[in-house]
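Reviewing the structure listed below.
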Protein chains: 2
Amino acid sequence: MRERSIRIGLIGFGTIGTGVIKLLQRQRQAIRDRIGVGLELVRVADIDTRRDRGVKLARGVLVNDARKILDDPSVDVVIELMGGTGIARRFVLEAIAAGKDVVTANKALLAHHGDEIFRAVERGGTGIGFEASVGGGIPIIRALKESLGGDRNQAVYGIVNGTSNYILSRMSDEGGEFGDVLKAAQAGGLAEADPSFDVDGIDAAHKLTLLIQLAFGARVPVAAANVEGIRHVSQADIAFAREFGYAIKSLAVAKRAGERIEASVRPTMVPVRHPLASVNGALNAIVVQGEALGPSMYTGAGAGMMPTATAVVADLMDVTRNRVHGCRGRVAPLGYPVRHQVRARPVAPDELHGEFYLRFMLVDRPGGLGRIAGVLGQHDVSIAAVIQREREHGRVVPVVIRTHDAREQALRRAVRAIDRLAVVRGRSTVIRIEESLG
Amino acid sequence: MRERSIRIGLIGFGTIGTGVIKLLQRQRQAIRDRIGVGLELVRVADIDTRRDRGVKLARGVLVNDARKILDDPSVDVVIELMGGTGIARRFVLEAIAAGKDVVTANKALLAHHGDEIFRAVERGGTGIGFEASVGGGIPIIRALKESLGGDRNQAVYGIVNGTSNYILSRMSDEGGEFGDVLKAAQAGGLAEADPSFDVDGIDAAHKLTLLIQLAFGARVPVAAANVEGIRHVSQADIAFAREFGYAIKSLAVAKRAGERIEASVRPTMVPVRHPLASVNGALNAIVVQGEALGPSMYTGAGAGMMPTATAVVADLMDVTRNRVHGCRGRVAPLGYPVRHQVRARPVAPDELHGEFYLRFMLVDRPGGLGRIAGVLGQHDVSIAAVIQREREHGRVVPVVIRTHDAREQALRRAVRAIDRLAVVRGRSTVIRIEESLG
């Protein structure tokens with residue numbers, strides 16, 4: 001075992017970067033005891049070298065040019081925390097080509113350019129860690145890569161976007177409609193000024209792409225997932241869901257269906273007794289359903305400075321151990337070589353089916369509900385339950401329907417037809433019900 | 001990378017052993033794709049070579065003598081699934097001395113002789129895996145060894161005995177007293193003929209010893225934990241707990257208290273909204289409370305043939321990867337070298353404190369409750385709530401008390417004094433309330 005320390009360069013001195021530095025400083029000796037060598041942060045690059053982040057760096061460590069890290073042959077490991085898929089991709093590939101190990105939290109980068117990056121790592125025999133890219137501090141990546149590697153997984157699903165979960169939890173606990181709760185979350189630093197990545201399901205879709213690769217040994221293009229945000233979920237839907245015994249969660253779901261994979265990110269009704277229903281606030285939780293293991297669930301802080309920093313530091317320790325012991329190719333980036341990856345076909349739209357919650361805004365007139373039921377029947381969508389609480393002739397009132405298992409394509413066609421009826425106002429709401437999660 | 005396969009010998013062809021063989025056969029090609037070499041089960045040793053376990057072994061694989069594995073220099077890895085702390089210890093140490101890697105599910109062995117075994121592994125530069133020893137198929141060992149290794153943990157606690165949890169869950173869901181539910185569990189194969197290890201907390205204490213070593217880098221002798229089984233939990237306690245907003249779980253808990261560690265296994269009241277409260281049946285769940293990460297929770301099948309087999313096979317893949325890549329000392333057995341382990345002092349009995357639930361069987365007479373309250377007051381135990389529902393002069397009725405934070409030693413003294421009062425019948429029940437779990 002070499003006695004020198006491992007030299008680390010960090011690109012992107014934002015929130016997570018600050019947490020990583022704090023944790024490395026705080027746990028310096030404990031980490032050295034565990035892995036046998038010290039981790040030395042030799043350079044931190046960020047365009048903003050002025051702002052006080054509340055951590056002390058030795059003179060000369062903070063630079064405004066990432067080249068001082070990438071071009072320095074003495075840097076062993078590059079931590080990429082700048083985000084984005086353009087320059088970050090180039091920097092990561094450069095670092096790999098230079099024989100450096102890479103640790104990144106960049107799910108967008110890996111969802112779009114993962115295979116290119118993973119292949120480069122395998123070719124170069126270097127290491128890459130991306131535990132922080134899904135589930136913040138929850139060690140789900142290593143679990144899928146190694147611990148669950150002897151099983152065949154049938155499904156992976158969960159709550160992987162903290163902002164969406166925070167908003168839905170707060171709407172459920174304290175009331176308020178999406179727009180107001182979003183504003184409060186933004187004021188509290190729990191949502192970005194531009195929240196689209198989070199509340200429109202894009203971030204979750206990136207994470208799901210990675211989870212599918214890790215869990216199934218298969219790749220489904222990001223674009224193939226059925227992605228739907230939470231903007232249209234209303235207080236009324238949350239209340240009706242509760243009445244039916246469900247909580248509404250933004251769920252990322254991937255299931256094997258024969259040789260195909262069904263992938264979606266969308267608001268989903270989960271039975272209140274299912275453990276995911278009580279994962280609230282900024283928590284994340286991921287369930288892996290294995291053929292031999294059955295369901296196992298991983299819950300914890302899905303974001304935040306210090307939680308995410310623990311994942312980055314764990315990856316640093318991992319690539320360092322491999323480097324020190326001379327076995328950097330020990331585990332392939334995905335847990336299996338990219339060449340064994342299957343390019344899975346997504347389930348065809350006309351094969352999708354499930355139970356659904358529908359909410360229509362109906363002008364209360366005799367026969368109105370009958371019209372809706374009629375259109376659903378024409379499309380082979382059968383009704384399990386109906387709630388029409390308010391009754392006031394001529395007024396617009398909500399009608400809520402819970403369907404039996406139905407073909408999704410037919411159901412969407414039925415809803416479009418219903419939305420064109422004269423007695424129905426506005427666009428109706430369709431929310432998937434997941435009754436039989438493991 | 002060598003192209004030969006890794007040769008495995010399995011000692012103990014019971015339920016888990018059968019599961020391991022099934023999984024290795026079923027996942028043969030997928031495992032080879034992941035780790036680059038094949039896993040070949042060359043020998044299985046058991047004293048019973050006749051019984052049909054429903055798996056096919058090639059001629060000559062099944063033997064009745066473990067020496068055919070231990071003395072065979074071509075065997076790379078020994079899986080020890082025989083249990084016990086006598087012969088198993090000798091076999092494991094012999095295998096290590098012969099340069100073989102070891103995979104074991106034997107928590108009793110590791111709780112009592114772990115340091116001796118881990119030191120031998122470190123000295124010999126071999127590998128050992130024991131993921132199956134805690135939490136069945138839940139990958140908590142690797143999480144603590146590697147993924148959470150950059151953080152400082154403050155507490156680790158959870159439900160780690162499936163049999164106890166099954167019995168308490170069933171008492172809670174369907175009624176019935178301990179003795180009857182135990183009998184039903186035994187009839188259904190969910191409890192052993194001699195259930196003492198499980199229902200008296202011994203198995204959980206073994207697991208807690210390991211969790212403490214992994215989470216805190218410290219060793220607390222098995223005997224130092226405060227261990228209490230579930231035999232005295234009654235239907236009445238479960239009902240009163242529910243009224244107060246708690247579920248009763250057999251919880252293994254370890255917390256840092258300054259330089260000391262508080263460790264206990266006992267029936268515990270957990271707020272119904274805490275995620276542990278809804279971990280039911282044979283499920284296990286472990287929470288790790290980290291300084292940086294906060295709480296993270298790991299839930300899944302804590303026992304059973306196939307779930308536990310996934311942990312054994314994951315360990316096989318891990319030691320194989322290290323062997324193939326020539327880095328068997330990559331991670332120390334505990335995640336840190338045994339020489340860095342602290343011998344932690346348990347918290348002194350007179351420093352223990354917490355909130356408690358007390359149930360007394362009182363002869364209903366004027367002043368009876370006052371007597372109990374008086375004794376508690378003399379011992380500085382202050383009362384938060386009292387329930388005395390039934391009233392019938394001269395009859396024995398339950399009185400239930402929820403205390404404020406109290407010194408446990410004083411509380412136990414008070415209860416002993418109360419049990420000696422003429423108006424109190426039988427032995428009273430004391431159950432810890434954990435209000436502020438992370």
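Starting from 1 in every chain, residues are counted up; chains themselves are A, B, ... following the order of the structure tokens, and ligands are numbered from 1 as listed.
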
Contact residues around A:Ile21 with only C-alpha atoms at 12 Å, ignoring same-chain residues under 6 positions, as a ChimeraX atom specification: /A:8-15,27-28,39-44,53-58,61-62,79,305-306,308-310,312-313 /B:150

Neighbour list for stretch 232-234 of chain A as a VMD selection string, cut-off 9 Å, only C-alpha atoms, skip fewer than 2 positions in-chain: chain A and resid 168 171 176 to 178 229 to 230 236 to 239 248 267 429 431

Near-B:Val400 list (6 Å; only C-alpha atoms; drop same-chain fewer than 5 positions) as a count of residues only: 4

Given only C-alpha atoms as the counted atoms, nearest of A:Leu110, A:Val134, A:Met361, A:Ile31 to A:Lys207: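 Smallest distance to A:Lys207 is found for A:Val134.
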
Pull the closest atom pair for each residue of stretch 351-436 of chain B that gets at most 7 Å from stretch 270-294 of chain B, along with the distance in Å to one decimal, counting only C-alpha atoms, ordering rows by chain and then ascending residue number, as CSV.
residue,atom,partner,partner_atom,distance
B:Ile433,CA,B:Val270,CA,6.5
B:Glu434,CA,B:Val270,CA,5.6
B:Glu435,CA,B:Pro271,CA,6.4

A:Leu411 surroundings by only C-alpha atoms, 9 Å radius, close-in-sequence under 2 positions cut, as a list of chain:residue names: A:Phe356, A:Leu376, A:His379, A:Asp380, A:Val381, A:Ala406, A:Arg407, A:Glu408, A:Gln409, A:Arg413, A:Ala414, A:Val415, A:Arg416

Dump of N, CA and C atoms for the selected residues, as a PDB file, in the first residue's frame:
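Saved to part.pdb:
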ATOM      1  N   PHE A 356     -56.914   3.692 -13.015  1.00  0.00           N
ATOM      2  CA  PHE A 356     -56.761   5.141 -13.056  1.00  0.00           C
ATOM      3  C   PHE A 356     -57.813   5.854 -12.225  1.00  0.00           C
ATOM      4  N   LEU A 376     -66.845   6.276 -21.551  1.00  0.00           N
ATOM      5  CA  LEU A 376     -65.861   5.330 -20.992  1.00  0.00           C
ATOM      6  C   LEU A 376     -66.191   3.906 -21.443  1.00  0.00           C
ATOM      7  N   HIS A 379     -65.158   2.941 -24.829  1.00  0.00           N
ATOM      8  CA  HIS A 379     -63.709   2.712 -24.953  1.00  0.00           C
ATOM      9  C   HIS A 379     -63.245   1.556 -24.078  1.00  0.00           C
ATOM     10  N   ASP A 380     -64.207   0.762 -23.598  1.00  0.00           N
ATOM     11  CA  ASP A 380     -63.858  -0.430 -22.822  1.00  0.00           C
ATOM     12  C   ASP A 380     -63.205  -0.115 -21.481  1.00  0.00           C
ATOM     13  N   VAL A 381     -63.505   1.087 -20.967  1.00  0.00           N
ATOM     14  CA  VAL A 381     -62.971   1.434 -19.650  1.00  0.00           C
ATOM     15  C   VAL A 381     -64.071   1.181 -18.637  1.00  0.00           C
ATOM     16  N   ALA A 406     -57.495  -0.856 -17.093  1.00  0.00           N
ATOM     17  CA  ALA A 406     -57.940  -0.404 -18.413  1.00  0.00           C
ATOM     18  C   ALA A 406     -56.728  -0.169 -19.308  1.00  0.00           C
ATOM     19  N   ARG A 407     -56.915  -0.275 -20.600  1.00  0.00           N
ATOM     20  CA  ARG A 407     -55.837   0.075 -21.530  1.00  0.00           C
ATOM     21  C   ARG A 407     -55.663   1.590 -21.499  1.00  0.00           C
ATOM     22  N   GLU A 408     -54.415   2.021 -21.312  1.00  0.00           N
ATOM     23  CA  GLU A 408     -54.204   3.457 -21.121  1.00  0.00           C
ATOM     24  C   GLU A 408     -54.539   4.257 -22.372  1.00  0.00           C
ATOM     25  N   GLN A 409     -54.169   3.711 -23.541  1.00  0.00           N
ATOM     26  CA  GLN A 409     -54.405   4.457 -24.788  1.00  0.00           C
ATOM     27  C   GLN A 409     -55.898   4.697 -25.008  1.00  0.00           C
ATOM     28  N   ARG A 413     -58.009   8.268 -24.947  1.00  0.00           N
ATOM     29  CA  ARG A 413     -58.927   8.644 -26.030  1.00  0.00           C
ATOM     30  C   ARG A 413     -60.303   8.963 -25.457  1.00  0.00           C
ATOM     31  N   ALA A 414     -60.730   8.152 -24.508  1.00  0.00           N
ATOM     32  CA  ALA A 414     -62.042   8.379 -23.887  1.00  0.00           C
ATOM     33  C   ALA A 414     -62.067   9.733 -23.185  1.00  0.00           C
ATOM     34  N   VAL A 415     -61.005  10.050 -22.465  1.00  0.00           N
ATOM     35  CA  VAL A 415     -60.971  11.314 -21.715  1.00  0.00           C
ATOM     36  C   VAL A 415     -60.988  12.499 -22.676  1.00  0.00           C
ATOM     37  N   ARG A 416     -60.267  12.353 -23.804  1.00  0.00           N
ATOM     38  CA  ARG A 416     -60.287  13.446 -24.784  1.00  0.00           C
ATOM     39  C   ARG A 416     -61.703  13.646 -25.326  1.00  0.00           C
TER      40      ARG A 416
END

Per-residue DSSP, stretch 24-250 of chain B, filtered to alpha helix (DSSP H), as number ranges by chain: B: 24-26, 28-35, 67-70, 87-97, 107-124, 140-142, 162-174, 178-187, 196-199, 202-216, 235-244

Residue among A:Lys183, A:Arg123, A:Arg50, A:Arg34 lying closest to chain B, counting only C-alpha atoms: A:Arg34

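For the pair atom CA of B:Asp46 and atom CA of B:Met82, the interatomic distance is 8.4 Å.
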
Atomic separation - atom CA of B:Gly86 relative to atom CA of B:Asn106, Å: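 Between these atoms lies a distance of 11.5 Å.
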